[in-house]
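Following: one structure in structure tokens, then a few remarks.
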Amino acid sequence: GGGIYLSMAGNPDIRNTTIEGNTAGLKGGGLYLWGMPGTMLMMDNCTFDGNYGYDGGGIYIDAGTSHLAASTLINNRAKRHGGGVFVNHNNNPAFWVEDGTVIGRIGEGNIASSAPAAGGLGGGIYNTKQLNISESSVEGNTGDGIYNDGGEVRILDSSVSGNTLSGLESFITGATTLINIERSKFAENGFSGIGAINADLSITHGSIRDNGASGIRMNGGSLTMDRSEIVGNHSAGDGGGIAAYNITAAMQNSTVSGNSSGSTGGGLYLWGLDAGKISLANMTVSGNSAVVSGGGVEVENGSIGFTNVTLAANFGGGVHVQNPSLVAMRNTIVADNAAGNCGGLSVTSQGHNLDTDGTCALADPGDLSGLPANLGPLADNGGGTFTHALLPGSPALEAGDDATCMATDQRGVARPQGLHCDMGAYEAESPATATPPSATSTLTSTATPALSEFVFDPVNFSTDLMYTKIGRSCKPKEVTIQVMVTPEKGVGSVGLFYRLEEKSGGNMTGWSIGYSMIPQGGGWYTLTIYSEDFPDLSTVKGELWLAVQFVANDAGGQALAHSTVFRQVTVGQCMQ
């Protein structure tokens, strides 16, 4: 206690005080507190400047509960640990940093280790028991902003940025410790934003960005992340955004973008994971890069599940799988990744995914392969994190599986907005259907259309087989129809109608009542027709055409123009 030594001192209250330029040969250059577990120390509007101690250059806490409110700790130095503050584990202490307290700032940071250039453990804070930070900053310190040696850490509405090593480094052997981060930023630290061994790390509304190594680096424990961003971090090795070894994780409603790796896993690197314990849901992984492979995600010796994920525009590949690993996808978009969407071992489809280049070899019900995703740029579309919007006519619109889609999208928008949920992390909010026109009036009319030209070109189908013979029963299939529509001004919706026609001529079913495709201007419009919507074909021999026709309607649902009838899909029969 170079400046103040408090021992068994009841409940000290220090306010509006400057403690400056003091030296302790051992603990607490500015202040040392020791006493019974019930001790309560209040420090309000205080400044600790230029103090020195072996541990705890500014403050050393060794008892009770201490509150540091609206105060400043700058230029303090520890020969060993805790340039600003050292929280010891004796007498069950708890330390609260709150109400705008500043522990270090750029150019006036606290220092751990007697060699400032070398850094040390806990340039700002060294914690071994319980640390709570709210509405405060730990910035510009030499060493880690916070070094946690087995204690519990809770950080709320705060910034841990610009420290020479990691923003937060946590280490414990033989057990796990709790780290809870909410509405806080870890940015521009010289090493990782957060590094943790054997920690249960929870991040909500967090921002981990522009750090000199992995945004998050973990080995052991668990990661829970919600409504957060991992942006612009760089690792010379694996895992620019997140490097995770031997953890379980549940990440959702978050964006991993603009991270880079000098090796593999620009966005995420996942190694040695227990099967079924890693999940990404409502996640956007975009614009990351890796020199070797896995620009978006690298999975090595583990497993990962994607649900309503948009994995797009990464460099060095979308997802790369090596060694015996399992990557399962559903309702996921893998689009426009340089060096291929999927690489290494195959991914497992659980249905209703979109792969723009076919490298993911998707073949389960509802999968779309080789179609353009028609994504908007990574942008602030609401919800607090950046997403790729689905542009008009994207094949991913209403192409998800309602049974397995997330209840909301990454932004918190309820699913579905239309007849069915959308693939990927973004749910389009435009009405998925308009009022369909009358099938009879629009499909039999020969009147001159009100518009001089209306182009429907081309029509694509995802499969040419609706039914296959399995014993004496029929297996339901589905057909996804995609049309490029170039409407004139005044078109409010595009209707689709279909019927079955015998290829030999003659018999045909009536036209469907009509589906209305999303009216969002020119572009790709997509709709899936399910076989269960057809009449029973189990006793019909021969082959049928699936015939479709498109109708343009005004805002009131009145027909303006219609296309010719397209007959491009052969419907195979169950032969009796």
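Residue numbering restarts at 1 in every chain; chains get A, B, ... in the order shown in the structure tokens, and ligands count up from 1 in that same order.
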Could you list, as a tab-separated table (two decimals) with N, CA and C atoms, in the first residue's frame, every residue within 6 Å of stretch 139-150 of chain A, counting only C-alpha atoms and ignoring same-chain residues fewer than 3 positions away?
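Wrote around_23.tsv, looks like this:
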chain	number	residue	atom	x	y	z
A	104	GLY	N	-7.06	2.82	-17.91
A	104	GLY	CA	-6.16	3.00	-19.03
A	104	GLY	C	-6.83	3.70	-20.19
A	105	ARG	N	-6.07	4.47	-20.93
A	105	ARG	CA	-6.53	5.03	-22.19
A	105	ARG	C	-5.32	5.17	-23.10
A	106	ILE	N	-5.57	5.31	-24.37
A	106	ILE	CA	-4.50	5.31	-25.34
A	106	ILE	C	-3.48	6.39	-24.98
A	109	GLY	N	-1.90	4.25	-20.71
A	109	GLY	CA	-2.34	2.97	-20.19
A	109	GLY	C	-1.53	2.50	-19.01
A	110	ASN	N	-2.09	1.53	-18.32
A	110	ASN	CA	-1.38	0.88	-17.23
A	110	ASN	C	-0.51	-0.24	-17.79
A	111	ILE	N	0.49	-0.64	-17.05
A	111	ILE	CA	1.50	-1.56	-17.57
A	111	ILE	C	1.68	-2.74	-16.63
A	112	ALA	N	1.66	-3.95	-17.17
A	112	ALA	CA	2.04	-5.14	-16.43
A	112	ALA	C	3.42	-5.57	-16.93
A	119	GLY	N	5.12	-6.33	-22.38
A	119	GLY	CA	3.78	-6.63	-21.94
A	119	GLY	C	3.79	-7.56	-20.74
A	120	GLY	N	2.63	-8.02	-20.31
A	120	GLY	CA	2.57	-8.90	-19.16
A	120	GLY	C	1.16	-9.38	-18.94
A	121	LEU	N	0.91	-9.94	-17.77
A	121	LEU	CA	-0.41	-10.50	-17.47
A	121	LEU	C	-1.27	-9.43	-16.80
A	122	GLY	N	-2.31	-9.02	-17.50
A	122	GLY	CA	-3.24	-8.06	-16.92
A	122	GLY	C	-2.70	-6.66	-16.88
A	123	GLY	N	-2.44	-6.08	-18.05
A	123	GLY	CA	-2.01	-4.69	-18.07
A	123	GLY	C	-3.03	-3.79	-17.41
A	124	GLY	N	-4.30	-4.03	-17.67
A	124	GLY	CA	-5.36	-3.26	-17.02
A	124	GLY	C	-5.79	-3.88	-15.71
A	125	ILE	N	-6.22	-5.16	-15.77
A	125	ILE	CA	-6.75	-5.84	-14.58
A	125	ILE	C	-6.24	-7.29	-14.56
A	126	TYR	N	-5.83	-7.76	-13.40
A	126	TYR	CA	-5.52	-9.17	-13.18
A	126	TYR	C	-6.51	-9.68	-12.15
A	127	ASN	N	-7.32	-10.69	-12.54
A	127	ASN	CA	-8.41	-11.15	-11.68
A	127	ASN	C	-8.26	-12.63	-11.35
A	128	THR	N	-8.44	-12.98	-10.09
A	128	THR	CA	-8.42	-14.39	-9.70
A	128	THR	C	-9.72	-14.82	-9.02
A	160	VAL	N	-13.36	-2.97	-24.17
A	160	VAL	CA	-12.03	-3.50	-23.83
A	160	VAL	C	-11.24	-3.46	-25.13
A	161	SER	N	-10.52	-2.39	-25.35
A	161	SER	CA	-9.98	-2.13	-26.68
A	161	SER	C	-8.59	-1.50	-26.61
A	162	GLY	N	-7.83	-1.69	-27.69
A	162	GLY	CA	-6.55	-1.00	-27.86
A	162	GLY	C	-5.47	-1.42	-26.90
A	163	ASN	N	-5.59	-2.61	-26.29
A	163	ASN	CA	-4.54	-3.12	-25.41
A	163	ASN	C	-3.49	-3.86	-26.24
A	164	THR	N	-2.25	-3.92	-25.76
A	164	THR	CA	-1.18	-4.45	-26.61
A	164	THR	C	-1.27	-5.95	-26.83
A	165	LEU	N	-1.83	-6.70	-25.89
A	165	LEU	CA	-2.04	-8.13	-26.09
A	165	LEU	C	-3.55	-8.36	-26.27
A	166	SER	N	-4.12	-9.38	-25.68
A	166	SER	CA	-5.54	-9.67	-25.86
A	166	SER	C	-6.39	-8.68	-25.06
A	167	GLY	N	-7.63	-8.51	-25.53
A	167	GLY	CA	-8.57	-7.73	-24.74
A	167	GLY	C	-8.86	-8.44	-23.43
A	168	LEU	N	-9.22	-9.72	-23.51
A	168	LEU	CA	-9.47	-10.56	-22.34
A	168	LEU	C	-8.78	-11.89	-22.57
A	169	GLU	N	-7.96	-12.30	-21.62
A	169	GLU	CA	-7.32	-13.61	-21.66
A	169	GLU	C	-7.70	-14.34	-20.39
A	170	SER	N	-8.26	-15.55	-20.54
A	170	SER	CA	-8.73	-16.30	-19.37
A	170	SER	C	-8.14	-17.70	-19.39
A	171	PHE	N	-7.62	-18.12	-18.24
A	171	PHE	CA	-6.96	-19.43	-18.17
A	171	PHE	C	-7.30	-20.10	-16.85
A	172	ILE	N	-7.69	-21.37	-16.95
A	172	ILE	CA	-7.92	-22.17	-15.76
A	172	ILE	C	-7.71	-23.63	-16.12
### Which of stretch 90-241 of chain A fall in strand (DSSP E or B), as a ChimeraX atom specification
/A:94-98,102-103,111-112,125-127,130-134,137-139,142,146-148,152-156,159-161,168-171,177-182,185-187,194-204,207-209,216-226,229-231,234-235
Those same residues - C-alpha atoms - I'd like them written as a tab-separated table (two decimals), in the first residue's frame.
chain	number	residue	atom	x	y	z
A	94	ALA	CA	-15.52	-9.19	-5.58
A	95	PHE	CA	-14.49	-6.13	-7.56
A	96	TRP	CA	-16.95	-3.84	-9.37
A	97	VAL	CA	-15.82	-1.37	-12.04
A	98	GLU	CA	-18.76	0.84	-12.94
A	102	VAL	CA	-11.54	4.38	-17.13
A	103	ILE	CA	-8.81	1.81	-16.62
A	111	ILE	CA	1.50	-1.56	-17.57
A	112	ALA	CA	2.04	-5.14	-16.43
A	125	ILE	CA	-6.75	-5.84	-14.58
A	126	TYR	CA	-5.52	-9.17	-13.18
A	127	ASN	CA	-8.41	-11.15	-11.68
A	130	GLN	CA	-14.86	-12.19	-9.24
A	131	LEU	CA	-14.74	-9.22	-11.58
A	132	ASN	CA	-17.76	-7.16	-12.70
A	133	ILE	CA	-17.42	-4.34	-15.21
A	134	SER	CA	-20.29	-2.14	-16.36
A	137	SER	CA	-13.56	1.01	-20.42
A	138	VAL	CA	-10.32	-0.96	-20.23
A	139	GLU	CA	-8.23	0.52	-22.99
A	142	THR	CA	0.38	-2.69	-21.98
A	146	ILE	CA	-7.91	-8.18	-18.55
A	147	TYR	CA	-6.16	-11.36	-17.47
A	148	ASN	CA	-8.48	-13.80	-15.73
A	152	GLU	CA	-15.58	-15.21	-12.91
A	153	VAL	CA	-15.93	-12.23	-15.22
A	154	ARG	CA	-19.04	-10.26	-16.17
A	155	ILE	CA	-18.77	-7.34	-18.59
A	156	LEU	CA	-21.77	-5.18	-19.45
A	159	SER	CA	-15.23	-1.44	-24.06
A	160	VAL	CA	-12.03	-3.50	-23.83
A	161	SER	CA	-9.98	-2.13	-26.68
A	168	LEU	CA	-9.47	-10.56	-22.34
A	169	GLU	CA	-7.32	-13.61	-21.66
A	170	SER	CA	-8.73	-16.30	-19.37
A	171	PHE	CA	-6.96	-19.43	-18.17
A	177	THR	CA	-15.04	-20.63	-15.35
A	178	LEU	CA	-17.87	-18.32	-16.32
A	179	ILE	CA	-17.35	-15.34	-18.61
A	180	ASN	CA	-20.46	-13.36	-19.47
A	181	ILE	CA	-20.27	-10.48	-21.96
A	182	GLU	CA	-23.25	-8.34	-22.92
A	185	LYS	CA	-16.89	-4.21	-27.52
A	186	PHE	CA	-13.48	-5.88	-27.85
A	187	ALA	CA	-11.67	-4.03	-30.60
A	194	ILE	CA	-10.94	-12.82	-26.35
A	195	GLY	CA	-8.76	-15.84	-25.56
A	196	ALA	CA	-10.04	-18.52	-23.21
A	197	ILE	CA	-9.05	-21.97	-21.97
A	198	ASN	CA	-11.70	-24.03	-20.15
A	199	ALA	CA	-14.25	-21.24	-20.01
A	200	ASP	CA	-18.00	-21.12	-20.47
A	201	LEU	CA	-18.12	-17.98	-22.59
A	202	SER	CA	-21.43	-16.25	-23.27
A	203	ILE	CA	-21.61	-13.23	-25.62
A	204	THR	CA	-24.81	-11.29	-26.29
A	207	SER	CA	-18.75	-6.68	-31.03
A	208	ILE	CA	-15.39	-8.41	-31.54
A	209	ARG	CA	-13.64	-6.55	-34.30
A	216	ILE	CA	-12.21	-15.34	-30.31
A	217	ARG	CA	-9.70	-18.10	-29.52
A	218	MET	CA	-10.87	-20.99	-27.31
A	219	ASN	CA	-9.72	-24.40	-26.13
A	220	GLY	CA	-12.15	-26.37	-23.97
A	221	GLY	CA	-15.38	-25.21	-22.41
A	222	SER	CA	-18.34	-23.80	-24.32
A	223	LEU	CA	-19.32	-20.80	-26.42
A	224	THR	CA	-22.80	-19.29	-26.53
A	225	MET	CA	-23.19	-16.34	-28.88
A	226	ASP	CA	-26.31	-14.37	-29.81
A	229	GLU	CA	-20.61	-9.52	-34.69
A	230	ILE	CA	-17.14	-10.95	-35.31
A	231	VAL	CA	-15.66	-8.56	-37.86
A	234	HIS	CA	-6.81	-11.36	-38.56
A	235	SER	CA	-4.87	-14.47	-37.59
### Message
To one decimal place in Å, what is the distance between atom CA of A:Arg80 and atom CA of A:Gly28?
### Response
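Straight-line distance from atom CA of A:Arg80 to atom CA of A:Gly28 works out to 11.7 Å.
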### Message
What's around A:Ser228 at 9 Å? Count only C-alpha atoms, leave out sequence neighbours fewer than 6 positions away in its own chain, and write the answer as a list in words.
### Response
Arg183, Ile203, Thr204, His205, Gly206, Ser207, Ile208, Gln252, Asn253, Ser254, Thr255, Val256, Gly384 and Thr385 of chain A
### Message
Using only C-alpha atoms for the distances, tell me which of A:Gly193, A:Gly50, A:Gly100, A:Gly287 is nearest to A:Ser71.
### Response
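Once distances to A:Ser71 are computed over only C-alpha atoms, the minimum belongs to A:Gly100.
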### Query
Hey, what's within 12 Å of A:Ala281 if we count only C-alpha atoms and toss same-chain stuff fewer than 5 positions away? As a PyMOL selection string, please?
chain A and resi 224-227+249-255+304-311+328-333+404-411+423-426
Deliver the residues from the most recent selection as a file, using N, CA and C atoms, as a short mmCIF file (atom, residue, chain, number, x, y, z; two decimals), in the first residue's frame.
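The result, written out as part-v1.cif:
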data_model
loop_
_atom_site.label_atom_id
_atom_site.label_comp_id
_atom_site.auth_asym_id
_atom_site.auth_seq_id
_atom_site.Cartn_x
_atom_site.Cartn_y
_atom_site.Cartn_z
N THR A 224 -21.43 -19.66 -26.19
CA THR A 224 -22.80 -19.29 -26.53
C THR A 224 -22.77 -17.86 -27.06
N MET A 225 -23.25 -17.67 -28.27
CA MET A 225 -23.19 -16.34 -28.88
C MET A 225 -24.53 -16.01 -29.52
N ASP A 226 -25.01 -14.79 -29.28
CA ASP A 226 -26.31 -14.37 -29.81
C ASP A 226 -26.25 -12.89 -30.14
N ARG A 227 -26.76 -12.53 -31.33
CA ARG A 227 -26.90 -11.13 -31.76
C ARG A 227 -25.59 -10.36 -31.62
N ALA A 249 -20.60 -25.50 -28.76
CA ALA A 249 -20.97 -24.13 -29.10
C ALA A 249 -22.38 -24.07 -29.67
N ALA A 250 -23.06 -22.96 -29.37
CA ALA A 250 -24.35 -22.63 -29.97
C ALA A 250 -24.28 -21.16 -30.36
N MET A 251 -24.14 -20.92 -31.65
CA MET A 251 -24.02 -19.54 -32.16
C MET A 251 -25.22 -19.23 -33.02
N GLN A 252 -25.84 -18.08 -32.78
CA GLN A 252 -27.05 -17.74 -33.53
C GLN A 252 -27.19 -16.23 -33.68
N ASN A 253 -27.96 -15.85 -34.69
CA ASN A 253 -28.35 -14.46 -34.92
C ASN A 253 -27.15 -13.52 -34.96
N SER A 254 -26.05 -13.97 -35.56
CA SER A 254 -24.81 -13.21 -35.54
C SER A 254 -24.14 -13.21 -36.90
N THR A 255 -23.17 -12.31 -37.06
CA THR A 255 -22.45 -12.16 -38.32
C THR A 255 -20.96 -12.34 -38.09
N ILE A 304 -20.36 -30.09 -37.27
CA ILE A 304 -21.03 -28.80 -37.15
C ILE A 304 -22.36 -28.87 -37.89
N GLY A 305 -23.36 -28.20 -37.37
CA GLY A 305 -24.66 -28.17 -38.01
C GLY A 305 -25.05 -26.74 -38.37
N PHE A 306 -25.51 -26.55 -39.61
CA PHE A 306 -25.96 -25.25 -40.08
C PHE A 306 -27.48 -25.28 -40.23
N THR A 307 -28.18 -24.30 -39.67
CA THR A 307 -29.60 -24.12 -39.88
C THR A 307 -29.87 -22.65 -40.22
N ASN A 308 -30.45 -22.41 -41.38
CA ASN A 308 -30.73 -21.04 -41.83
C ASN A 308 -29.47 -20.17 -41.75
N VAL A 309 -28.42 -20.66 -42.36
CA VAL A 309 -27.15 -19.93 -42.44
C VAL A 309 -26.97 -19.40 -43.85
N THR A 310 -26.44 -18.21 -43.97
CA THR A 310 -26.02 -17.67 -45.27
C THR A 310 -24.50 -17.60 -45.27
N LEU A 311 -23.89 -18.42 -46.11
CA LEU A 311 -22.43 -18.54 -46.21
C LEU A 311 -22.04 -18.07 -47.60
N ALA A 328 -23.44 -30.85 -41.48
CA ALA A 328 -24.83 -31.04 -41.88
C ALA A 328 -25.49 -29.69 -42.09
N MET A 329 -26.25 -29.58 -43.18
CA MET A 329 -26.89 -28.31 -43.52
C MET A 329 -28.38 -28.49 -43.74
N ARG A 330 -29.15 -27.48 -43.34
CA ARG A 330 -30.57 -27.41 -43.70
C ARG A 330 -30.98 -25.95 -43.78
N ASN A 331 -31.81 -25.66 -44.75
CA ASN A 331 -32.30 -24.30 -44.98
C ASN A 331 -31.15 -23.29 -45.11
N THR A 332 -30.08 -23.71 -45.72
CA THR A 332 -28.85 -22.93 -45.76
C THR A 332 -28.49 -22.53 -47.19
N ILE A 333 -27.93 -21.33 -47.33
CA ILE A 333 -27.47 -20.82 -48.61
C ILE A 333 -25.94 -20.82 -48.61
N THR A 404 -38.39 -27.19 -40.08
CA THR A 404 -37.06 -27.07 -39.49
C THR A 404 -36.50 -25.65 -39.52
N CYS A 405 -37.19 -24.70 -40.15
CA CYS A 405 -36.73 -23.31 -40.13
C CYS A 405 -36.74 -22.75 -38.72
N MET A 406 -35.83 -21.82 -38.44
CA MET A 406 -35.86 -21.10 -37.18
C MET A 406 -37.15 -20.27 -37.10
N ALA A 407 -37.62 -20.01 -35.89
CA ALA A 407 -38.89 -19.29 -35.71
C ALA A 407 -38.79 -17.84 -36.14
N THR A 408 -37.60 -17.26 -36.05
CA THR A 408 -37.35 -15.91 -36.54
C THR A 408 -36.09 -15.93 -37.38
N ASP A 409 -35.82 -14.84 -38.11
CA ASP A 409 -34.57 -14.78 -38.85
C ASP A 409 -33.51 -14.10 -37.99
N GLN A 410 -32.33 -13.87 -38.56
CA GLN A 410 -31.22 -13.30 -37.81
C GLN A 410 -31.57 -11.95 -37.20
N ARG A 411 -32.47 -11.21 -37.85
CA ARG A 411 -32.84 -9.88 -37.38
C ARG A 411 -33.97 -9.90 -36.37
N MET A 423 -34.92 -19.73 -47.21
CA MET A 423 -33.61 -20.27 -46.87
C MET A 423 -32.72 -19.14 -46.35
N GLY A 424 -31.68 -19.52 -45.63
CA GLY A 424 -30.68 -18.56 -45.19
C GLY A 424 -31.07 -17.82 -43.93
N ALA A 425 -30.24 -16.83 -43.57
CA ALA A 425 -30.40 -16.10 -42.32
C ALA A 425 -31.40 -14.96 -42.41
N TYR A 426 -31.85 -14.64 -43.63
CA TYR A 426 -32.72 -13.47 -43.85
C TYR A 426 -34.08 -13.93 -44.35
#
### Query
Pick the closest to A:Val327 from A:Arg499, A:Lys277, A:His81, A:His352: which is it, counting only C-alpha atoms?
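Counting only C-alpha atoms, the residue closest to A:Val327 is A:Lys277.
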#### Entry: A:Gly1 environment, 12 Å, only C-alpha atoms, sequence neighbours closer than 2 positions dropped, as a ChimeraX atom specification
/A:3-7,19,22-34,51-62
### Query
When distances are computed from only C-alpha atoms, which of A:Asn288, A:Thr65, A:Asn75, A:Ser369 shows the smallest separation from A:Lys129?
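For A:Lys129, the nearest of the candidates is A:Thr65.
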